[in-house]
Amino acid sequence: MAQGNNYGQSSNGVADESPNMLVYRKMEDVIARMQDEKNGIPIRTVKSFLSKIPSVFSGSDIVQWLTKNLSIEDPVEALHLGTLMAAHGYFFPISDHVLTLKDDGTFYRFQTPYFWPSNCWEPENTDYAVYLCKRTMQNKARLELADYEAESLARLQRAFARKWEFIFMQAEAQAKVDKKRDKIERKILDSQERAFWDVHRPVPGCVNTTEVDIKKSSRMRNPHKTRKSVYGLQNDIRSHSPTHTPVPETKPPTEDELHREIKHWQMQLDRHRLKMSKVAESKEPGQQRVKRWGFGMDEALKDPVGREQFLKFLESEFSSENLRFWLAVEDLKKRPIREVPARVQEIWQEFLAPGAPSAINLDSKSYDKTTQNVKDPGRYTFEDAQEHIYKLMKSDSYPRFIRSSAYQELLQAKKKGKSLTSKRLTSLVQSY
């Protein structure tokens with residue numbers, strides 16, 4: 001890793017005068033004085049049980065140095081200033097990953113200038129994926145992923161599924177380079193790299209100090225710079241994390257560009273709908289899909305094929321009006337408000353009015369409440385009635401559906417790797 005610091009110069013060599021950069025310079029001046037061999041903080045190697053902890057100093061050392069060298073009278077103020085520096089990653093605790101300063105014997109280590117904020121690092125999600133992937137390759141207890149990091153890795157693996165092989169190769173190459181380093185050097189660099197990510201991808205509950213201050217940036221002519229990638233991965237600005245993405249200055253699109261953009265997204269939407277409709281129209285669900293219907297009535301209702309099978313079962317028991325009413329109310333909630341009054345009357349006449357062709361059974365309380373609601377129709381007019389019918393189906397009809405021969409036959413057919421269609425064809429051939 002390069003150890004030099006460019007002190008806030010952009011890629012074209014011109015000093016960056018952004019508000020954040022002015023703060024970084026002041027903090028880095030103090031950090032440079034802290035690291036002075038004669039008048040700085042004493043850095044030492046501490047012996048612990050069966051191991052050595054290289055290049056560390058204590059939190060109390062920092063507070064004492066700040067109090068003495070910056071003429072700070074109140075130790076609380078010195079502690080606050082040190083905490084701000086730690087939050088920006090200029091030094092970090094080696095025992096945990098919460099970037100705060102404690103005025104005690106907790107050990108800290110200085111961050112390498114390569115990872116200082118003034119270098120304009122704006123790491124991308126691909127960088128983070130490489131780092132986490134590399135950690136999984138290193139068989140060290142100190143490098144084991146925390147729960148939130150494991151969740152992040154799984155999420156990134158899904159997001160970058162198409163280029164995960166490239167990310168894995170990058171991680172593997174870096175892990176091989178790390179193995180060639182001296183043991184102590186590798187230990188220090190591992191901690192510095194992890195501290196860098198503690199700043200840019202902090203532990204849940206901690207503040208990310210690298211996020212762009214919109215109010216400050218709005219006062220600058222050119223507040224955003226093209227960011228470097230930590231590991232040299234070539235990705236354009238659009239692949240940045242949403243929470244860290246700089247907002248580039250863009251010209252307003254022309255009318256033709258808008259029409260092309262709308263047409264493009266309309267085609268994408270139509271393609272998505274086509275895929276969804278093919279899934280919905282599938283009459284041959286897989287074993288896992290059929291099995292999920294048995295987890296709960298909600299699983300059966302949200303699957304189009306499961307809902308259809310449940311409806312067929314209710315028709316065989318002459319109680320399909322319950323599910324049809326429930327589905328009608330669900331549809332009502334999604335209707336445009338102008339269509340709601342007419343649709344409320346249709347549902348009332350079909351399921352609840354005296355002499356309704358598909359009358360449902362409600363308790364008197366739900367019926368009276370619904371009768372009052374119909375006078376002032378809205379999307380949730382039938383909420384009480386729908387809840388009563390839902391509970392009735394869940395406690396009575398649904399358990400019978402799961403125990404029914406129709407469901408068990410479908411489940412067994414999938415376990416044997418046969419579809420119902422092939423089963424029917426086989427029985428038809430045998431009958432001849």
# chains A, B, ... in the order shown; residues from 1 in each chain; ligands from 1
>>> residues_around(residues="Ile167 of chain A", least_positions_apart="3", cutoff="9 Å", atoms="only C-alpha atoms", output="ChimeraX atom specification")
/A:126-127,129-130,133,160,163-164,170-172
>>> residues_around(residues="segment 26-40 of chain A", least_positions_apart="4", cutoff="9 Å", atoms="only C-alpha atoms", output="NGL selection string")
:A and (7 or 21-22 or 62 or 65-66 or 70 or 85 or 90-91 or 110 or 116 or 118)
>>> select_by_dssp(residues="segment 27-135 of chain A", states="strand (DSSP E)", output="JSON, numbers by chain")
{"A": [44, 45, 46, 47, 48, 51, 52, 53, 54, 55, 56, 57, 58, 91, 92, 93, 107, 108, 109, 110]}
>>> residues_around(residues="Asp96 of chain A", least_positions_apart="5", cutoff="12 Å", atoms="only C-alpha atoms", output="list in words")
Leu101, Lys102, Thr106, Phe107, Tyr108, Arg109, Arg142, Ala146, Ser191, Arg194, Ala195, Asp198, Pro202 and Val203 of chain A
>>> write_last_selection(atoms="N, CA and C atoms", output="PDB file, in the first residue's frame")
ATOM      1  N   LEU A 101     -13.338   7.361  21.406  1.00  0.00           N
ATOM      2  CA  LEU A 101     -12.128   7.432  22.237  1.00  0.00           C
ATOM      3  C   LEU A 101     -12.517   7.271  23.706  1.00  0.00           C
ATOM      4  N   LYS A 102     -11.787   6.433  24.409  1.00  0.00           N
ATOM      5  CA  LYS A 102     -12.003   6.233  25.844  1.00  0.00           C
ATOM      6  C   LYS A 102     -10.748   6.674  26.604  1.00  0.00           C
ATOM      7  N   THR A 106      -7.492   1.446  27.033  1.00  0.00           N
ATOM      8  CA  THR A 106      -7.852   0.815  25.756  1.00  0.00           C
ATOM      9  C   THR A 106      -6.787   1.126  24.708  1.00  0.00           C
ATOM     10  N   PHE A 107      -6.368   0.094  23.973  1.00  0.00           N
ATOM     11  CA  PHE A 107      -5.308   0.278  22.976  1.00  0.00           C
ATOM     12  C   PHE A 107      -5.866   0.765  21.646  1.00  0.00           C
ATOM     13  N   TYR A 108      -5.145   1.703  21.043  1.00  0.00           N
ATOM     14  CA  TYR A 108      -5.501   2.282  19.749  1.00  0.00           C
ATOM     15  C   TYR A 108      -4.308   2.177  18.799  1.00  0.00           C
ATOM     16  N   ARG A 109      -4.601   2.331  17.522  1.00  0.00           N
ATOM     17  CA  ARG A 109      -3.542   2.295  16.504  1.00  0.00           C
ATOM     18  C   ARG A 109      -3.832   3.371  15.460  1.00  0.00           C
ATOM     19  N   ARG A 142      -9.712 -13.500  14.440  1.00  0.00           N
ATOM     20  CA  ARG A 142      -9.898 -12.056  14.468  1.00  0.00           C
ATOM     21  C   ARG A 142     -10.520 -11.527  13.179  1.00  0.00           C
ATOM     22  N   ALA A 146     -18.554 -10.562  11.427  1.00  0.00           N
ATOM     23  CA  ALA A 146     -19.610 -10.312  12.398  1.00  0.00           C
ATOM     24  C   ALA A 146     -20.958 -10.580  11.723  1.00  0.00           C
ATOM     25  N   SER A 191      -5.832  -4.809  10.460  1.00  0.00           N
ATOM     26  CA  SER A 191      -6.590  -3.950  11.384  1.00  0.00           C
ATOM     27  C   SER A 191      -6.878  -2.593  10.763  1.00  0.00           C
ATOM     28  N   ARG A 194      -9.648  -3.003   8.154  1.00  0.00           N
ATOM     29  CA  ARG A 194     -10.954  -3.192   8.789  1.00  0.00           C
ATOM     30  C   ARG A 194     -11.454  -1.872   9.386  1.00  0.00           C
ATOM     31  N   ALA A 195     -10.536  -1.077   9.952  1.00  0.00           N
ATOM     32  CA  ALA A 195     -10.918   0.227  10.497  1.00  0.00           C
ATOM     33  C   ALA A 195     -11.446   1.142   9.397  1.00  0.00           C
ATOM     34  N   ASP A 198     -14.866   0.196   8.927  1.00  0.00           N
ATOM     35  CA  ASP A 198     -15.670   0.608  10.073  1.00  0.00           C
ATOM     36  C   ASP A 198     -16.128   2.054   9.927  1.00  0.00           C
ATOM     37  N   PRO A 202     -20.139   1.424   8.749  1.00  0.00           N
ATOM     38  CA  PRO A 202     -20.022   1.293  10.207  1.00  0.00           C
ATOM     39  C   PRO A 202     -20.917   0.214  10.799  1.00  0.00           C
ATOM     40  N   VAL A 203     -20.582  -0.151  12.025  1.00  0.00           N
ATOM     41  CA  VAL A 203     -21.401  -1.087  12.793  1.00  0.00           C
ATOM     42  C   VAL A 203     -22.795  -0.491  12.935  1.00  0.00           C
TER      43      VAL A 203
END
>>> residues_around(residues="Trp348 of chain A", least_positions_apart="2", cutoff="12 Å", atoms="only C-alpha atoms", output="PyMOL selection string")
chain A and resi 325+328-329+332+341-346+350-360+367+370-375+377+381-382+385
>>> residues_around(residues="Ile337 of chain A", least_positions_apart="3", cutoff="8 Å", atoms="only C-alpha atoms", output="number ranges by chain")
A: 340-341, 378-379
>>> write_last_selection(atoms="N, CA, C and O atoms", output="tab-separated table (two decimals), in the first residue's frame")
chain	number	residue	atom	x	y	z
A	340	VAL	N	-64.81	3.07	-6.29
A	340	VAL	CA	-65.08	2.38	-5.03
A	340	VAL	C	-66.57	2.31	-4.68
A	340	VAL	O	-67.09	1.23	-4.36
A	341	PRO	N	-67.35	3.43	-4.72
A	341	PRO	CA	-68.76	3.35	-4.32
A	341	PRO	C	-69.56	2.31	-5.11
A	341	PRO	O	-70.34	1.54	-4.52
A	378	GLY	N	-66.24	3.16	1.26
A	378	GLY	CA	-64.81	3.42	1.11
A	378	GLY	C	-64.09	2.11	0.87
A	378	GLY	O	-64.71	1.04	0.84
A	379	ARG	N	-62.78	2.19	0.69
A	379	ARG	CA	-62.00	0.98	0.40
A	379	ARG	C	-62.04	-0.03	1.55
A	379	ARG	O	-61.85	-1.22	1.33
>>> residues_around(residues="Asp61 of chain A", least_positions_apart="2", cutoff="9 Å", atoms="only C-alpha atoms", output="ChimeraX atom specification")
/A:41-42,57-59,63-66,103-105
>>> decode(residues="segment 368-381 of chain A", atoms="N, CA, C and O atoms", output="JSON list (two decimals), in the first residue's frame")
[["chain", "number", "residue", "atom", "x", "y", "z"],
["A", 368, "ASP", "N", -73.71, -5.73, 11.49],
["A", 368, "ASP", "CA", -74.23, -4.39, 11.81],
["A", 368, "ASP", "C", -73.19, -3.32, 11.47],
["A", 368, "ASP", "O", -73.54, -2.25, 10.94],
["A", 369, "LYS", "N", -71.92, -3.59, 11.80],
["A", 369, "LYS", "CA", -70.87, -2.61, 11.51],
["A", 369, "LYS", "C", -70.73, -2.41, 10.00],
["A", 369, "LYS", "O", -70.59, -1.28, 9.53],
["A", 370, "THR", "N", -70.80, -3.50, 9.24],
["A", 370, "THR", "CA", -70.67, -3.40, 7.78],
["A", 370, "THR", "C", -71.86, -2.67, 7.18],
["A", 370, "THR", "O", -71.71, -1.87, 6.24],
["A", 371, "THR", "N", -73.05, -2.92, 7.73],
["A", 371, "THR", "CA", -74.25, -2.23, 7.24],
["A", 371, "THR", "C", -74.12, -0.72, 7.39],
["A", 371, "THR", "O", -74.51, 0.05, 6.50],
["A", 372, "GLN", "N", -73.55, -0.28, 8.51],
["A", 372, "GLN", "CA", -73.33, 1.15, 8.72],
["A", 372, "GLN", "C", -72.27, 1.69, 7.76],
["A", 372, "GLN", "O", -72.40, 2.79, 7.23],
["A", 373, "ASN", "N", -71.21, 0.90, 7.54],
["A", 373, "ASN", "CA", -70.11, 1.35, 6.67],
["A", 373, "ASN", "C", -70.55, 1.54, 5.23],
["A", 373, "ASN", "O", -70.04, 2.41, 4.52],
["A", 374, "VAL", "N", -71.50, 0.72, 4.78],
["A", 374, "VAL", "CA", -71.95, 0.78, 3.39],
["A", 374, "VAL", "C", -72.61, 2.13, 3.08],
["A", 374, "VAL", "O", -72.58, 2.60, 1.93],
["A", 375, "LYS", "N", -73.16, 2.76, 4.12],
["A", 375, "LYS", "CA", -73.80, 4.07, 3.91],
["A", 375, "LYS", "C", -72.78, 5.14, 3.55],
["A", 375, "LYS", "O", -73.15, 6.15, 2.93],
["A", 376, "ASP", "N", -71.54, 4.95, 3.95],
["A", 376, "ASP", "CA", -70.45, 5.86, 3.59],
["A", 376, "ASP", "C", -69.33, 5.03, 2.97],
["A", 376, "ASP", "O", -68.31, 4.75, 3.61],
["A", 377, "PRO", "N", -69.51, 4.59, 1.70],
["A", 377, "PRO", "CA", -68.60, 3.60, 1.12],
["A", 377, "PRO", "C", -67.16, 4.09, 0.99],
["A", 377, "PRO", "O", -66.90, 5.24, 0.68],
["A", 378, "GLY", "N", -66.24, 3.16, 1.26],
["A", 378, "GLY", "CA", -64.81, 3.42, 1.11],
["A", 378, "GLY", "C", -64.09, 2.11, 0.87],
["A", 378, "GLY", "O", -64.71, 1.04, 0.84],
["A", 379, "ARG", "N", -62.78, 2.19, 0.69],
["A", 379, "ARG", "CA", -62.00, 0.98, 0.40],
["A", 379, "ARG", "C", -62.04, -0.03, 1.55],
["A", 379, "ARG", "O", -61.85, -1.22, 1.33],
["A", 380, "TYR", "N", -62.28, 0.45, 2.77],
["A", 380, "TYR", "CA", -62.23, -0.44, 3.93],
["A", 380, "TYR", "C", -63.62, -0.63, 4.54],
["A", 380, "TYR", "O", -63.76, -0.92, 5.73],
["A", 381, "THR", "N", -64.65, -0.49, 3.73],
["A", 381, "THR", "CA", -66.03, -0.68, 4.19],
["A", 381, "THR", "C", -66.25, -2.07, 4.76],
["A", 381, "THR", "O", -66.95, -2.24, 5.77]]
